[in-house]
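Participant: Mind having a look at this structure? Questions to follow.
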Amino acid sequence: MTIATNRELNLKNKANFYPQQNRTQVISVTSGKGGVGKTTTTVNLAIALVQLQKKVLILDADLGLANINILLGFKPQSTIDDVIRKSAKLKDVIVSHNSGIDIIPAGSGVQEVTQLSEMDQRNIIDGFEELEGVYDYFLIDTGAGIGDNVLYFNEAAERILVVVDTEPTSIADAYALIKVLSTTNRVNAFDIIVNRAPIGQDGRETFKRLASVSNKFLDVQLNFLGSIQDDKSAHEAIVKQVPLFNLYPSTRASRDILRIAKSIDTSPVSLKARGGLQFFFNSLVMQ
């Protein structure tokens, strides 16, 4: 596996940073609990979008517990923490993976976004102003649960994908996340992805269980975006530190991922969309 260095990527960025008419769509990928495959879903969806000729940037927003770099088998030279500390510019931190996706790595032990100083917040916003329009999609791999960072990243995004599996605890925790975001953060629209759907099932029963309780007690709209079939190859891909979509593109799981990516790419832009990356980070730090 060949990973470009931050310095090499900087040269690439200088050549590729050009104005585009279409702004970047900001999507968070989140879950009520860990262990449901949220990060692997984020990475594989990003690669599928690249196959659809889209430019995709991922932010590893599981601050303090970053693992996208582990999943993809690289060690970042610098992280978003260096941007906050002004020891690096944001475009210099971005790592280019040979699958075609770009990644902003998270650092270990990065503090809560809500605890950053006004100057630190400004440093982040200034960096993202330079990226506006360069990418078609900005995917945020949030932490799991209902911590402050998770809630803030989700509220600021214009589209939220909730990853859930068939386990009762996963469904219960997904409901808890949706409940907090809807009642406290005034978010009322969610896309649901059912991961590890049993062979022969399409995940709709799991979705119906989540939607049933959500519609009964909450004023929210849940959209079934699709399911990803359970596949033993997924574990092998993690061990090899190669995304499933690259390692086994013809499996049912990879085809499911591509189908979901196509659905995302053809869906109308959310009414919450109000300005792409710059709006996202201004919204994030001003809450």
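By order in the structure tokens, chains are A, B, ...; within a chain, residues start at 1; ligands start at 1, following the order shown.
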If we count only C-alpha atoms and set the cut-off at 9 Å, which residues sit around A:Thr40, ignoring sequence neighbours fewer than 4 positions away in its own chain? Please answer as a list of chain:residue names.
Facilitator: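 My list of contacting residues is A:Asn44, A:Leu45, A:Ile68, A:Leu71, A:Ala234, A:Ile238, A:Pro243, A:Leu244.
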Participant: Skipping near chain neighbours, those fewer than 3 positions away, what residues fall within 12 Å of A:Val220 using only C-alpha atoms, listed as a PyMOL selection string?
Facilitator: chain A and resi 175+178-183+186-191+210-217+223
Participant: List as a list in words the protein and nucleic acid residues near A:Ile58, meaning an atom at most 9 Å away when only C-alpha atoms are counted, but skip any in the same chain fewer than 2 places from it.
Facilitator: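 With the cut-off at 9 Å, the set is Thr42, Val43, Ala46, Val56, Asp60, Ala61, Ile101, Asp102, Ile103, Ile104, Pro105, Tyr137, Phe138, Leu139, Ile140 and Asp141 of chain A.
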Participant: What does the distance between atom CA of A:Asp265 and atom CA of A:Gly32 come to in Å, to one decimal place?
Facilitator: 24.6 Å
Participant: Residues near A:Leu72, anyone? I mean within 8 Å using only C-alpha atoms, not counting same-chain ones fewer than 2 positions away, as a compact mmCIF listing (two decimals) with all heavy atoms, in the first residue's frame.
Facilitator:
```txt
# COMPACT_ATOMS: atom_id res chain seq x y z
N ILE A 68 -9.15 5.78 11.78
CA ILE A 68 -9.18 5.65 10.33
C ILE A 68 -7.79 5.35 9.79
O ILE A 68 -7.62 4.52 8.89
CB ILE A 68 -9.76 6.92 9.66
CG1 ILE A 68 -11.29 6.94 9.83
CG2 ILE A 68 -9.41 6.96 8.17
CD1 ILE A 68 -11.97 8.09 9.15
N ASN A 69 -6.78 5.99 10.36
CA ASN A 69 -5.42 5.72 9.90
C ASN A 69 -5.00 4.27 10.17
O ASN A 69 -4.28 3.65 9.38
CB ASN A 69 -4.42 6.69 10.55
CG ASN A 69 -4.39 6.57 12.06
OD1 ASN A 69 -5.38 6.87 12.71
ND2 ASN A 69 -3.26 6.16 12.61
N ILE A 70 -5.49 3.71 11.27
CA ILE A 70 -5.20 2.30 11.57
C ILE A 70 -5.92 1.40 10.57
O ILE A 70 -5.35 0.43 10.06
CB ILE A 70 -5.63 1.96 13.00
CG1 ILE A 70 -4.82 2.80 14.01
CG2 ILE A 70 -5.46 0.47 13.29
CD1 ILE A 70 -5.29 2.65 15.44
N PHE A 74 -1.83 3.55 7.78
CA PHE A 74 -0.81 4.59 7.67
C PHE A 74 -0.69 5.36 8.99
O PHE A 74 -1.61 5.37 9.80
CB PHE A 74 -1.11 5.56 6.52
CG PHE A 74 -2.29 6.48 6.77
CD1 PHE A 74 -2.12 7.73 7.35
CD2 PHE A 74 -3.57 6.11 6.39
CE1 PHE A 74 -3.19 8.58 7.57
CE2 PHE A 74 -4.66 6.95 6.60
CZ PHE A 74 -4.47 8.19 7.20
N GLN A 241 -5.83 -4.29 6.57
CA GLN A 241 -5.80 -2.82 6.50
C GLN A 241 -6.00 -2.33 5.06
O GLN A 241 -5.37 -1.38 4.60
CB GLN A 241 -4.48 -2.28 7.08
CG GLN A 241 -4.35 -2.56 8.58
CD GLN A 241 -3.06 -2.01 9.16
OE1 GLN A 241 -1.98 -2.42 8.76
NE2 GLN A 241 -3.18 -1.09 10.11
N VAL A 242 -6.90 -3.01 4.38
CA VAL A 242 -7.31 -2.64 3.03
C VAL A 242 -8.83 -2.56 3.02
O VAL A 242 -9.50 -3.50 3.46
CB VAL A 242 -6.85 -3.67 1.98
CG1 VAL A 242 -7.30 -3.27 0.58
CG2 VAL A 242 -5.33 -3.82 2.02
N PRO A 243 -9.42 -1.47 2.54
CA PRO A 243 -10.88 -1.36 2.53
C PRO A 243 -11.55 -2.51 1.78
O PRO A 243 -11.05 -2.95 0.73
CB PRO A 243 -11.13 -0.02 1.83
CG PRO A 243 -9.88 0.76 2.07
CD PRO A 243 -8.77 -0.24 2.05
```
Participant: Work out how far atom CA of A:Asp136 is from atom CA of A:Arg23, in Å to one decimal.
Facilitator: 6.8 Å
Participant: Could you pull out the alpha helix (DSSP H) residues of stretch 196-239 of chain A from DSSP and send them as a ChimeraX atom specification?
Facilitator: /A:204-217,233-239
Participant: Please identify every residue of stretch 13-70 of chain A that has at least one atom no farther than 8 Å from an atom of stretch 157-161 of chain A, counting only C-alpha atoms, and for each give the shortest atom pair and the distance in Å to one decimal, arranged by chain then increasing number, as a Markdown table.
Facilitator:
```
| residue | atom | partner | partner_atom | distance |
| --- | --- | --- | --- | --- |
| A:Gln25 | CA | A:Glu158 | CA | 7.4 |
| A:Val26 | CA | A:Ala157 | CA | 5.5 |
| A:Ile27 | CA | A:Arg159 | CA | 4.8 |
| A:Ser28 | CA | A:Ile160 | CA | 4.9 |
| A:Val29 | CA | A:Leu161 | CA | 4.8 |
| A:Thr30 | CA | A:Leu161 | CA | 6.2 |
```
Participant: Residues near stretch 203-209 of chain A, anyone? I mean within 6 Å using only C-alpha atoms, not counting same-chain ones fewer than 4 positions away, as an NGL selection string.
Facilitator: :A and (166 or 194 or 197 or 227)
Participant: What is the atom CA of A:Asp92-atom CA of A:Ala66 distance in Å, reported with one decimal?
Facilitator: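 It comes out at 18.4 Å.
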Participant: I want to know what sits within 8 Å of A:Val164, based on only C-alpha atoms, with residues of the same chain fewer than 2 positions away left out; could you give that as a PyMOL selection string?
Facilitator: chain A and resi 31-32+36+162+166+170-171+174+192-195
Participant: Name the residues in contact with A:Leu247 at a cut-off of 10 Å, using only C-alpha atoms, excluding same-chain residues fewer than 6 positions from it; report them as a PyMOL selection string.
Facilitator: chain A and resi 233-234+236-237+240-241+254
